[in-house]
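K.L.:
So here's model_23.txt (compact mmCIF, C-alpha atoms).
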# COMPACT_ATOMS: atom_id res chain seq x y z
CA MET A 82 0.00 0.00 0.00
CA LEU A 83 2.60 2.53 1.07
CA SER A 84 4.80 2.59 -1.99
CA LEU A 85 5.26 4.07 -5.42
CA TYR A 86 7.31 1.01 -6.39
CA VAL A 87 6.33 -0.78 -9.60
CA PRO A 88 7.41 -4.44 -9.43
CA GLY A 89 9.55 -5.76 -12.28
CA ASP A 90 12.86 -7.44 -13.00
CA SER A 91 14.44 -5.24 -15.66
CA VAL A 92 18.07 -4.18 -15.56
CA VAL A 93 17.01 -0.90 -13.98
CA HIS A 94 15.16 -2.74 -11.23
CA ARG A 95 18.17 -4.96 -10.53
CA VAL A 96 20.85 -2.25 -10.39
CA ARG A 97 21.77 -1.50 -6.79
CA ALA A 98 19.78 1.30 -5.19
CA GLY A 99 22.91 3.18 -4.15
CA LEU A 100 24.21 3.26 -7.72
CA LYS A 101 20.87 4.54 -9.03
CA LEU A 102 20.89 7.31 -6.47
CA ALA A 103 24.48 8.22 -7.35
CA VAL A 104 23.58 8.48 -11.05
CA LEU A 105 20.58 10.60 -10.17
CA ALA A 106 22.72 12.94 -8.08
CA ALA A 107 25.27 13.23 -10.87
CA LEU A 108 22.51 14.01 -13.36
CA GLY A 109 21.17 16.70 -11.05
CA VAL A 110 24.54 18.42 -10.83
CA GLY A 111 25.27 17.94 -14.54
CA LEU A 112 22.00 19.42 -15.75
CA PHE A 113 22.49 22.52 -13.64
CA LEU A 114 25.97 23.05 -15.06
CA GLY A 115 24.84 23.00 -18.70
CA ASP A 116 22.32 25.29 -20.32
CA SER A 117 21.72 24.17 -23.88
CA PRO A 118 18.21 23.16 -24.99
CA VAL A 119 19.70 20.21 -26.91
CA LEU A 120 21.35 18.82 -23.79
CA MET A 121 18.13 19.14 -21.79
CA THR A 122 16.01 17.52 -24.50
CA GLY A 123 18.56 14.71 -24.78
CA ALA A 124 18.52 14.14 -21.02
CA LEU A 125 14.73 14.09 -20.93
CA LEU A 126 14.49 11.64 -23.84
CA LEU A 127 17.18 9.45 -22.30
CA THR A 128 15.39 9.23 -18.95
CA LEU A 129 12.11 8.45 -20.72
CA VAL A 130 13.78 5.68 -22.75
CA VAL A 131 15.33 4.22 -19.60
CA GLY A 132 12.02 4.38 -17.74
CA VAL A 133 9.58 3.21 -20.39
CA ALA A 134 11.61 1.05 -22.79
CA VAL A 135 14.26 -0.44 -20.49
CA ALA A 136 12.45 -0.62 -17.14
CA HIS A 137 9.03 -1.26 -18.76
CA LEU A 138 7.32 1.21 -16.47
CA PRO A 139 3.79 2.15 -17.44
CA TRP A 140 3.43 5.82 -18.44
CA LEU A 141 0.90 6.22 -15.68
CA ALA A 142 3.41 5.29 -12.98
CA LEU A 143 5.66 8.13 -14.10
CA ALA A 144 2.80 10.55 -14.69
CA VAL A 145 1.50 10.06 -11.14
CA GLN A 146 4.80 11.26 -9.74
CA VAL A 147 5.33 14.16 -12.14
CA ARG A 148 1.71 15.35 -12.26
CA PRO A 149 1.77 17.54 -9.14
CA VAL A 150 4.22 19.98 -10.73
CA TRP A 151 2.64 20.34 -14.19
CA LEU A 152 0.87 23.53 -13.31
CA TRP A 153 4.00 24.92 -11.76
CA LEU A 154 6.07 24.15 -14.84
CA ALA A 155 3.48 25.88 -17.01
CA LEU A 156 3.58 28.95 -14.77
CA LEU A 157 7.36 28.94 -14.86
CA PHE A 158 7.36 28.81 -18.65
CA GLY A 159 4.85 31.63 -18.86
CA PHE A 160 6.89 33.70 -16.46
CA HIS A 161 10.04 33.25 -18.55
CA LEU A 162 8.22 34.19 -21.75
CA LEU A 163 7.28 37.47 -20.13
CA ALA A 164 10.42 38.21 -18.15
CA THR A 165 13.33 36.67 -20.03
CA ASP A 166 13.17 34.79 -23.32
CA LEU A 167 11.94 31.60 -24.92
CA ARG A 168 15.30 29.86 -24.74
CA THR A 169 15.83 30.36 -20.99
CA GLY A 170 12.27 29.26 -20.29
CA THR A 171 12.59 26.13 -22.42
CA VAL A 172 15.86 25.17 -20.77
CA ALA A 173 14.51 25.74 -17.25
CA VAL A 174 11.38 23.68 -17.88
CA LEU A 175 13.15 20.85 -19.73
CA ARG A 176 15.82 20.63 -17.05
CA LEU A 177 13.29 20.28 -14.26
CA LEU A 178 11.23 17.82 -16.26
CA ALA A 179 14.26 15.62 -17.01
CA LEU A 180 15.22 15.59 -13.32
CA LEU A 181 11.67 14.83 -12.22
CA VAL A 182 11.32 11.94 -14.66
CA ALA A 183 14.72 10.55 -13.66
CA ALA A 184 13.79 10.72 -9.98
CA ALA A 185 10.44 9.11 -10.73
CA VAL A 186 12.18 6.25 -12.55
CA VAL A 187 14.49 5.61 -9.59
CA THR A 188 11.57 5.65 -7.15
CA ALA A 189 9.41 3.37 -9.29
CA THR A 190 12.17 0.77 -9.72
CA THR A 191 13.49 0.66 -6.16
CA ARG A 192 11.81 -0.88 -3.14
CA VAL A 193 11.30 1.25 -0.03
CA THR A 194 13.33 -1.32 1.93
CA ALA A 195 16.30 -0.95 -0.45
CA MET A 196 16.11 2.83 -0.10
CA VAL A 197 16.02 2.57 3.67
CA ALA A 198 19.14 0.40 3.47
CA VAL A 199 20.88 3.11 1.43
CA ILE A 200 19.83 5.74 3.97
CA GLU A 201 21.30 3.57 6.72
CA TRP A 202 24.51 3.21 4.71
CA LEU A 203 24.72 6.93 4.02
CA ALA A 204 24.29 7.55 7.72
CA SER A 205 27.11 5.22 8.73
CA PRO A 206 29.77 7.98 8.91
CA LEU A 207 27.57 9.52 11.62
CA ARG A 208 28.73 6.66 13.83
CA MET A 209 31.66 8.87 14.71
CA VAL A 210 29.40 11.44 16.37
CA GLY A 211 27.50 8.79 18.28
CA VAL A 212 24.60 8.04 15.93
CA ARG A 213 23.80 4.38 15.42
CA PRO A 214 22.82 3.77 11.78
CA ASP A 215 20.87 0.63 12.65
CA ARG A 216 18.63 2.73 14.83
CA ILE A 217 17.79 4.96 11.90
CA GLY A 218 16.52 1.92 10.04
CA LEU A 219 14.58 0.91 13.14
CA VAL A 220 12.89 4.31 13.47
CA LEU A 221 11.98 4.37 9.77
CA ALA A 222 10.45 0.91 10.03
CA MET A 223 8.58 1.88 13.21
CA THR A 224 7.14 4.95 11.52
CA LEU A 225 5.75 2.90 8.63
CA ARG A 226 4.11 0.62 11.18
CA PHE A 227 2.70 3.51 13.23
CA ILE A 228 0.99 5.29 10.34
CA PRO A 229 -2.03 2.95 10.15
CA LEU A 230 -2.07 2.81 13.96
CA VAL A 231 -2.29 6.58 14.35
CA ALA A 232 -4.87 6.83 11.55
CA ASP A 233 -6.93 4.22 13.37
CA LYS A 234 -6.72 6.07 16.69
CA ALA A 235 -7.79 9.28 14.98
CA ALA A 236 -10.80 7.55 13.43
CA ARG A 237 -11.82 6.13 16.80
CA ILE A 238 -11.64 9.48 18.55
CA ARG A 239 -13.70 11.03 15.78
CA GLU A 240 -16.36 8.34 16.19
CA ALA A 241 -16.39 8.75 19.96
CA GLN A 242 -16.86 12.49 19.65
CA ALA A 243 -19.57 12.07 17.04
CA ALA A 244 -21.38 9.61 19.32
CA ARG A 245 -21.48 12.26 22.05
CA GLY A 246 -22.94 14.65 19.51
CA GLY A 247 -19.58 16.32 19.13
CA SER A 248 -19.14 19.37 17.02
CA ARG A 249 -17.56 19.34 13.59
CA VAL A 250 -14.56 21.22 14.92
CA ARG A 251 -11.57 19.15 13.96
CA LEU A 252 -9.24 20.81 16.41
CA GLY A 253 -11.09 19.14 19.25
CA MET A 254 -9.70 15.85 18.02
CA ALA A 255 -6.09 16.89 18.13
CA VAL A 256 -5.58 17.09 21.89
CA PRO A 257 -6.92 13.63 22.84
CA LEU A 258 -5.12 12.13 19.84
CA LEU A 259 -1.78 13.65 20.77
CA ILE A 260 -2.09 12.61 24.40
CA GLU A 261 -2.92 9.05 23.40
CA VAL A 262 0.06 9.01 21.04
CA LEU A 263 2.37 10.37 23.74
CA ARG A 264 1.18 7.69 26.14
CA MET A 265 1.80 5.09 23.47
CA ALA A 266 5.39 6.30 23.11
CA THR A 267 6.03 5.32 26.73
CA THR A 268 4.74 1.81 26.09
CA VAL A 269 6.71 1.49 22.88
CA GLY A 270 9.86 2.73 24.61
CA GLU A 271 9.45 0.11 27.33
CA ALA A 272 8.86 -2.58 24.73
CA LEU A 273 12.04 -1.55 22.92
CA ASP A 274 14.03 -1.59 26.15
CA ALA A 275 12.65 -5.01 27.00
CA ARG A 276 13.93 -6.24 23.65
CA GLY A 277 17.32 -4.72 24.34
CA ALA A 278 17.11 -2.03 21.69
CA ASP A 279 19.28 0.12 23.88
CA ASP A 280 22.20 -2.27 24.04
CA VAL A 281 22.45 -4.65 21.14
CA PRO A 282 22.08 -3.76 17.47
CA VAL A 283 18.76 -5.06 16.22
CA ARG A 284 19.01 -8.15 14.05
CA ARG A 285 18.91 -7.10 10.43
CA GLY A 286 16.87 -10.03 9.17
CA GLY A 287 14.04 -9.50 11.61
CA ARG A 288 13.67 -5.86 10.81
CA ARG A 289 13.74 -6.31 7.06
CA ALA A 290 11.09 -8.97 7.22
CA ARG A 291 8.76 -6.76 9.20
CA LEU A 292 9.34 -3.77 6.96
CA ALA A 293 8.61 -5.74 3.80
CA ALA A 294 5.21 -6.84 5.07
CA MET B 289 18.14 4.30 34.96
CA ARG B 290 20.87 3.59 32.53
CA ASN B 291 22.12 6.98 31.60
CA GLY B 292 25.17 7.72 29.53
CA SER B 293 27.81 9.30 31.68
CA GLY B 294 29.44 12.48 30.53
CA THR B 295 27.95 15.27 28.49
CA PHE B 296 26.34 13.18 25.75
CA ARG B 297 22.94 12.02 26.86
CA ARG B 298 22.08 8.88 25.01
CA VAL B 299 18.92 8.85 22.98
CA LYS B 300 16.48 6.80 24.98
CA SER B 301 14.16 4.24 23.50
CA ARG B 302 11.19 6.37 24.36
CA ASP B 303 12.67 9.23 22.37
CA LEU B 304 12.90 6.92 19.37
CA ALA B 305 9.21 6.17 19.83
CA TYR B 306 8.34 9.87 20.05
CA VAL B 307 10.26 10.56 16.85
CA ALA B 308 8.60 7.70 14.96
CA LEU B 309 5.11 8.48 16.26
CA PHE B 310 5.26 12.14 15.31
CA ALA B 311 6.60 11.28 11.87
CA ALA B 312 3.54 9.03 11.60
CA ILE B 313 1.28 11.90 12.71
CA VAL B 314 2.64 14.13 9.95
CA ALA B 315 1.95 11.31 7.49
CA VAL B 316 -1.61 10.86 8.75
CA LEU B 317 -2.22 14.61 8.47
CA GLY B 318 -1.33 14.21 4.80
CA LEU B 319 -4.28 11.85 4.41
CA LEU B 320 -6.75 14.57 5.36
CA PRO B 321 -8.29 16.26 2.36
CA PRO B 322 -7.29 19.93 1.97
CA VAL B 323 -9.72 22.20 3.83
CA ASN B 324 -11.31 25.12 2.06
CA VAL B 325 -11.60 28.08 4.36
CA PRO B 326 -14.07 30.73 3.23
CA GLY B 327 -12.24 33.85 2.11
CA LEU B 328 -8.91 32.15 1.45
CA PRO B 329 -7.77 31.61 -2.13
CA VAL B 330 -5.84 28.37 -1.55
CA PRO B 331 -7.03 25.27 0.33
CA ILE B 332 -5.15 24.53 3.53
CA THR B 333 -3.25 21.27 3.78
CA ALA B 334 -2.70 20.02 7.26
CA GLN B 335 0.87 18.81 7.04
CA THR B 336 2.65 21.94 8.21
CA LEU B 337 0.36 21.75 11.23
CA GLY B 338 2.24 18.53 11.99
CA VAL B 339 5.55 20.36 11.65
CA MET B 340 4.43 22.93 14.21
CA LEU B 341 3.05 20.30 16.59
CA ALA B 342 6.21 18.18 16.41
CA GLY B 343 8.32 21.17 17.40
CA SER B 344 6.09 22.54 20.10
CA VAL B 345 5.26 19.20 21.72
CA LEU B 346 8.55 17.30 21.40
CA GLY B 347 11.07 20.12 21.52
CA ALA B 348 13.93 20.98 19.20
CA LYS B 349 15.91 17.79 18.83
CA ARG B 350 13.15 15.20 18.74
CA GLY B 351 10.85 17.45 16.72
CA GLY B 352 13.48 18.09 14.06
CA LEU B 353 14.41 14.41 13.94
CA SER B 354 10.82 13.30 13.45
CA LEU B 355 10.53 15.52 10.38
CA LEU B 356 13.84 14.18 9.07
CA VAL B 357 12.47 10.67 9.47
CA PHE B 358 9.30 11.68 7.66
CA LEU B 359 11.25 13.15 4.73
CA ALA B 360 13.53 10.11 4.58
CA LEU B 361 10.49 7.88 4.11
CA VAL B 362 9.09 10.20 1.44
CA ALA B 363 12.44 10.07 -0.36
CA ALA B 364 12.47 6.29 -0.03
CA GLY B 365 9.27 6.16 -2.08
CA ALA B 366 6.44 6.20 0.44
CA PRO B 367 3.66 8.48 -0.88
CA LEU B 368 3.16 10.31 2.39
CA LEU B 369 2.85 13.92 1.25
CA SER B 370 -0.67 15.31 0.94
CA GLY B 371 -2.29 14.14 -2.28
CA GLY B 372 -0.32 10.90 -2.19
CA ARG B 373 2.86 12.48 -3.48
CA GLY B 374 6.25 11.03 -2.67
CA GLY B 375 9.42 9.62 -4.12
CA LEU B 376 12.56 11.43 -5.09
CA ALA B 377 10.81 13.62 -7.66
CA VAL B 378 9.26 15.84 -5.00
CA PHE B 379 12.75 16.75 -3.78
CA ALA B 380 13.75 18.07 -7.20
CA GLY B 381 10.63 20.12 -7.86
CA PRO B 382 10.65 23.90 -7.63
CA THR B 383 8.72 23.92 -4.37
CA ALA B 384 11.05 21.37 -2.75
CA GLY B 385 12.65 24.08 -0.59
CA TYR B 386 9.50 24.12 1.53
CA LEU B 387 9.99 20.41 2.22
CA TYR B 388 13.64 20.86 3.14
CA SER B 389 12.62 23.59 5.55
CA TRP B 390 10.33 21.36 7.62
CA PRO B 391 12.94 19.72 9.90
CA ILE B 392 14.61 23.08 10.45
CA ALA B 393 11.25 24.71 11.18
CA ALA B 394 10.34 22.01 13.72
CA PHE B 395 13.78 22.41 15.30
CA VAL B 396 13.42 26.18 15.61
CA ILE B 397 9.88 25.92 16.99
CA GLY B 398 11.13 23.37 19.51
CA LEU B 399 14.05 25.58 20.49
CA LEU B 400 11.79 28.58 21.06
CA THR B 401 9.26 26.46 22.94
CA GLN B 402 11.98 25.19 25.26
CA LEU B 403 13.11 28.76 25.77
CA PHE B 404 9.58 29.85 26.73
CA TRP B 405 8.73 26.61 28.55
CA LYS B 406 8.44 28.01 32.07
CA ARG B 407 5.98 30.74 31.11
CA PHE B 408 4.55 28.97 28.09
CA ASN B 409 1.07 30.19 27.18
CA LEU B 410 -0.91 30.87 24.03
CA ALA B 411 0.98 34.05 23.25
CA TRP B 412 4.42 32.49 23.53
CA ALA B 413 3.25 29.45 21.59
CA LEU B 414 2.09 31.76 18.82
CA VAL B 415 5.44 33.53 18.75
CA ALA B 416 7.28 30.21 18.46
CA ASN B 417 4.98 28.82 15.77
CA MET B 418 4.95 31.97 13.69
CA ILE B 419 8.71 32.41 13.72
CA GLY B 420 9.53 28.74 13.20
CA GLY B 421 6.49 27.63 11.23
CA ILE B 422 6.07 30.61 8.92
CA VAL B 423 9.19 32.81 8.82
CA VAL B 424 11.69 29.93 8.68
CA ILE B 425 9.69 27.95 6.12
CA TYR B 426 9.34 30.91 3.76
CA ALA B 427 12.92 32.05 4.32
CA ILE B 428 14.05 28.70 2.91
CA GLY B 429 11.27 27.98 0.43
CA ILE B 430 11.23 31.30 -1.40
CA PRO B 431 14.95 31.52 -2.36
CA PHE B 432 14.88 27.84 -3.33
CA THR B 433 12.03 28.43 -5.76
CA ALA B 434 13.85 31.43 -7.18
CA LEU B 435 17.03 29.42 -7.66
CA PHE B 436 15.43 26.30 -9.09
CA GLY B 437 13.10 28.01 -11.49
CA ASP B 438 15.44 30.82 -12.53
CA VAL B 439 12.83 33.26 -11.27
CA SER B 440 13.57 36.50 -9.47
CA LEU B 441 13.36 36.46 -5.68
CA TRP B 442 10.61 39.04 -5.79
CA ALA B 443 8.39 36.98 -8.10
CA SER B 444 8.90 33.95 -5.89
CA PHE B 445 8.12 36.06 -2.83
CA THR B 446 4.85 37.50 -4.11
CA GLY B 447 3.80 34.14 -5.53
CA SER B 448 3.89 32.53 -2.12
CA PHE B 449 1.73 35.15 -0.47
CA THR B 450 -1.55 33.38 -1.09
CA PHE B 451 -0.52 30.75 1.44
CA ILE B 452 0.13 33.11 4.34
CA PRO B 453 -3.46 33.37 5.66
CA GLY B 454 -3.72 29.58 5.80
CA ASP B 455 -0.43 29.37 7.64
CA LEU B 456 -1.64 31.89 10.19
CA VAL B 457 -4.72 29.77 10.82
CA LYS B 458 -2.48 26.74 11.31
CA ALA B 459 -0.14 28.59 13.68
CA VAL B 460 -3.10 29.54 15.87
CA ALA B 461 -4.45 25.97 15.80
CA ALA B 462 -1.06 24.46 16.62
CA SER B 463 -0.58 26.92 19.49
CA VAL B 464 -3.96 26.17 21.05
CA VAL B 465 -3.26 22.44 20.86
CA ALA B 466 0.32 22.79 22.14
CA VAL B 467 -0.82 24.71 25.22
CA ALA B 468 -3.52 22.13 25.98
CA VAL B 469 -1.12 19.22 25.54
CA ARG B 470 1.48 20.88 27.75
CA ARG B 471 -1.10 21.13 30.51
CA ALA B 472 -2.16 17.50 30.19
CA TYR B 473 1.02 15.70 29.22
CA PRO B 474 4.21 17.78 29.16
CA VAL B 475 6.96 16.05 27.23
CA ILE B 476 9.69 18.67 27.16
CA GLU B 477 11.86 18.43 30.22
CA LEU B 478 14.13 21.16 31.34
CA PRO B 479 17.73 20.21 32.09
CA SER B 480 17.00 20.13 35.82
CA ARG B 481 17.69 16.43 36.25
CA ARG B 482 14.18 15.16 36.73
CA ALA B 483 13.92 11.40 37.06
CA THR B 484 11.78 10.09 34.23
CA ALA B 485 8.83 8.31 35.72
CA GLY B 486 7.21 5.35 34.05
Here is a file; write its structure as structure tokens.
P.N.:
Amino acid sequence: MLSLYVPGDSVVHRVRAGLKLAVLAALGVGLFLGDSPVLMTGALLLTLVVGVAVAHLPWLALAVQVRPVWLWLALLFGFHLLATDLRTGTVAVLRLLALLVAAAVVTATTRVTAMVAVIEWLASPLRMVGVRPDRIGLVLAMTLRFIPLVADKAARIREAQAARGGSRVRLGMAVPLLIEVLRMATTVGEALDARGADDVPVRRGGRRARLAA
Amino acid sequence: MRNGSGTFRRVKSRDLAYVALFAAIVAVLGLLPPVNVPGLPVPITAQTLGVMLAGSVLGAKRGGLSLLVFLALVAAGAPLLSGGRGGLAVFAGPTAGYLYSWPIAAFVIGLLTQLFWKRFNLAWALVANMIGGIVVIYAIGIPFTALFGDVSLWASFTGSFTFIPGDLVKAVAASVVAVAVRRAYPVIELPSRRATAG
């Protein structure tokens, strides 16, 4: 449910998540260094070919991710037509579009679990300042688990208030919800301590399995 | 109590739970449909309300971390932003600066809340939420839009103005809630070594 991942086993799917992210970062820097319309068009076409022809992603999967910024891109183009010139506007829009499509391709071909693993890996230098990377993975996994739980609590409080003829004011929900959540944190903290989360690194296998569910 | 000796206080398990739970709250707020307030041109989305609440309930460090966790999951491909958006693309868009500002905003709100904690009331809560939740967010979001879209700072500045009334409404809401929660279940502890009950 909670993913923009499109299952598949193309080359793009199988490339390691870290490498995909590195390519994406390089593309981001590269596109901002250049400013020719040909380069931008080439980059956009290339990302589309990689996404649709190589990774076999449906157009819709890419469109869903890029759609929210369409209006903004149109506004940007219009602004450039008025304020600067056609060429600058075209380059700005094509550059953003190429980056957005590339990012969408990476997201659609990489599992959330693989991304979380990369985040953990990226955070490993933080070990030197006392951060434990395995805990970052733990907190990310816990958050994914808590989302339906918190949504459920919110729904229950809303029902309870409606049953007492409660008003439609939504703010009235927030205080009981937050207090319940804060209480829950105490329980969760105790449960973590009981499982030794404070002392021993959490077993990787167990966490992955839960996160994938 | 196992407590790290020395100056570095170890992050306790309960703090991890706070961070994860508030990241989850921000995600759940994204599920709410945008609210249309009469008289305002743009619908209000509830997610920055979560940013303000994280800061003013959890304090600087935990509040900022919970927003970092939230953004990490969005980047990892979970569609947690309002309207089901997510993935890496949202971090490259022209309005991405507003996203980047969230952890910093929560941190600043938390810092101010801790500063005001002894005499915390609605007025101080409002000050914290308006500085952290509005000034900081726009101070990061506006230049980012200008840079990413090759637009002038001024155009980016005026373009964002339609959102200010909604943000004011949210700052008031967050402040009212923060004051009520502080009365019922204060989470921020001042450095005076209070033993943590429970």
K.L.:
Hey, which bits of chain A sit within 8 Å of chain B, and for each residue what's the closest pair of atoms and how far apart in Å (one decimal), counting only C-alpha atoms, rows by chain and increasing number, as CSV?
P.N.:
residue,atom,partner,partner_atom,distance
A:Leu83,CA,B:Ala366,CA,5.3
A:Ser84,CA,B:Ala366,CA,4.7
A:Leu85,CA,B:Gly365,CA,5.6
A:Tyr86,CA,B:Gly365,CA,7.0
A:Gln146,CA,B:Arg373,CA,6.7
A:Val147,CA,B:Ala377,CA,7.1
A:Pro149,CA,B:Arg373,CA,7.7
A:Val150,CA,B:Gly381,CA,7.0
A:Trp153,CA,B:Pro382,CA,7.9
A:Leu157,CA,B:Gly437,CA,6.7
A:Phe160,CA,B:Val439,CA,7.9
A:His161,CA,B:Val439,CA,7.8
A:Ala173,CA,B:Gly437,CA,6.3
A:Val174,CA,B:Gly437,CA,7.9
A:Leu177,CA,B:Gly381,CA,6.9
A:Leu180,CA,B:Ala380,CA,6.8
A:Leu181,CA,B:Ala377,CA,4.8
A:Val182,CA,B:Ala377,CA,7.2
A:Ala183,CA,B:Ala377,CA,7.8
A:Ala184,CA,B:Ala377,CA,4.8
A:Ala185,CA,B:Ala377,CA,5.5
A:Val187,CA,B:Leu376,CA,7.6
A:Thr188,CA,B:Gly375,CA,5.4
A:Ala189,CA,B:Gly365,CA,7.7
A:Arg192,CA,B:Gly365,CA,7.6
A:Val193,CA,B:Ala364,CA,5.2
A:Thr194,CA,B:Ala364,CA,7.9
A:Met196,CA,B:Ala364,CA,5.0
A:Val197,CA,B:Ala364,CA,6.3
A:Ile200,CA,B:Ala360,CA,7.7
A:Val220,CA,B:Ala308,CA,5.7
A:Leu221,CA,B:Val357,CA,6.3
A:Met223,CA,B:Ala308,CA,6.1
A:Thr224,CA,B:Ala308,CA,4.6
A:Leu225,CA,B:Ala312,CA,7.2
A:Phe227,CA,B:Ala312,CA,5.8
A:Ile228,CA,B:Ala312,CA,4.7
A:Val231,CA,B:Ile313,CA,6.6
A:Ala232,CA,B:Val316,CA,5.9
A:Leu252,CA,B:Ala461,CA,7.1
A:Ala255,CA,B:Val465,CA,6.8
A:Val256,CA,B:Val465,CA,5.9
A:Leu259,CA,B:Val469,CA,7.4
A:Ile260,CA,B:Tyr473,CA,6.5
A:Val262,CA,B:Leu309,CA,7.0
A:Leu263,CA,B:Tyr306,CA,7.0
A:Ala266,CA,B:Ala305,CA,5.0
A:Thr267,CA,B:Arg302,CA,5.8
A:Val269,CA,B:Ala305,CA,6.1
A:Gly270,CA,B:Arg302,CA,3.9
A:Glu271,CA,B:Arg302,CA,7.1
A:Leu273,CA,B:Ser301,CA,6.2
A:Asp274,CA,B:Ser301,CA,6.4
A:Ala278,CA,B:Ser301,CA,7.2
A:Asp279,CA,B:Ser301,CA,6.6
K.L.:
For CA of Gly218 in chain A and CA of Ala98 in chain A, determine how far apart the two atoms are, in Å to one decimal place.
P.N.:
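We find that CA of Gly218 in chain A and CA of Ala98 in chain A lie 15.6 Å from each other.
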K.L.:
What does the structure give for the distance between CA of Arg97 in chain A and CA of Thr190 in chain A, in Å to one decimal?
P.N.:
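If I compute the distance from CA of Arg97 in chain A to CA of Thr190 in chain A, I get 10.3 Å.
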K.L.:
From the list A:Leu203, A:Val87, A:Gly123, A:Asp166, which residue is nearest Ala103 in chain A when using only C-alpha atoms?
P.N.:
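Checking each candidate against Ala103 in chain A, we get A:Leu203 as the closest.
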K.L.:
Complete range 436-448 of chain B with N, CA and C atoms (output as a PDB file, in the frame of the given file).
P.N.:
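Generated output (result-v8.pdb):
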ATOM      1  N   PHE B 436      15.736  27.473  -8.277  1.00  0.00           N
ATOM      2  CA  PHE B 436      15.430  26.300  -9.090  1.00  0.00           C
ATOM      3  C   PHE B 436      14.704  26.660 -10.369  1.00  0.00           C
ATOM      4  N   GLY B 437      13.879  27.672 -10.314  1.00  0.00           N
ATOM      5  CA  GLY B 437      13.100  28.010 -11.490  1.00  0.00           C
ATOM      6  C   GLY B 437      13.673  29.185 -12.265  1.00  0.00           C
ATOM      7  N   ASP B 438      14.853  29.652 -11.865  1.00  0.00           N
ATOM      8  CA  ASP B 438      15.440  30.820 -12.530  1.00  0.00           C
ATOM      9  C   ASP B 438      14.514  32.026 -12.492  1.00  0.00           C
ATOM     10  N   VAL B 439      13.748  32.144 -11.404  1.00  0.00           N
ATOM     11  CA  VAL B 439      12.830  33.260 -11.270  1.00  0.00           C
ATOM     12  C   VAL B 439      13.454  34.278 -10.319  1.00  0.00           C
ATOM     13  N   SER B 440      13.019  35.520 -10.393  1.00  0.00           N
ATOM     14  CA  SER B 440      13.570  36.500  -9.470  1.00  0.00           C
ATOM     15  C   SER B 440      13.019  36.236  -8.062  1.00  0.00           C
ATOM     16  N   LEU B 441      13.785  36.638  -7.072  1.00  0.00           N
ATOM     17  CA  LEU B 441      13.360  36.460  -5.680  1.00  0.00           C
ATOM     18  C   LEU B 441      12.011  37.116  -5.442  1.00  0.00           C
ATOM     19  N   TRP B 442      11.829  38.282  -6.037  1.00  0.00           N
ATOM     20  CA  TRP B 442      10.610  39.040  -5.790  1.00  0.00           C
ATOM     21  C   TRP B 442       9.378  38.298  -6.309  1.00  0.00           C
ATOM     22  N   ALA B 443       9.506  37.724  -7.529  1.00  0.00           N
ATOM     23  CA  ALA B 443       8.390  36.980  -8.100  1.00  0.00           C
ATOM     24  C   ALA B 443       8.056  35.783  -7.223  1.00  0.00           C
ATOM     25  N   SER B 444       9.096  35.114  -6.740  1.00  0.00           N
ATOM     26  CA  SER B 444       8.900  33.950  -5.890  1.00  0.00           C
ATOM     27  C   SER B 444       8.240  34.360  -4.569  1.00  0.00           C
ATOM     28  N   PHE B 445       8.644  35.527  -4.086  1.00  0.00           N
ATOM     29  CA  PHE B 445       8.120  36.060  -2.830  1.00  0.00           C
ATOM     30  C   PHE B 445       6.625  36.364  -2.939  1.00  0.00           C
ATOM     31  N   THR B 446       6.262  37.114  -3.973  1.00  0.00           N
ATOM     32  CA  THR B 446       4.850  37.500  -4.110  1.00  0.00           C
ATOM     33  C   THR B 446       3.989  36.271  -4.427  1.00  0.00           C
ATOM     34  N   GLY B 447       4.570  35.321  -5.163  1.00  0.00           N
ATOM     35  CA  GLY B 447       3.800  34.140  -5.530  1.00  0.00           C
ATOM     36  C   GLY B 447       3.398  33.306  -4.336  1.00  0.00           C
ATOM     37  N   SER B 448       4.175  33.388  -3.262  1.00  0.00           N
ATOM     38  CA  SER B 448       3.890  32.530  -2.120  1.00  0.00           C
ATOM     39  C   SER B 448       2.917  33.177  -1.146  1.00  0.00           C
TER      40      SER B 448
END
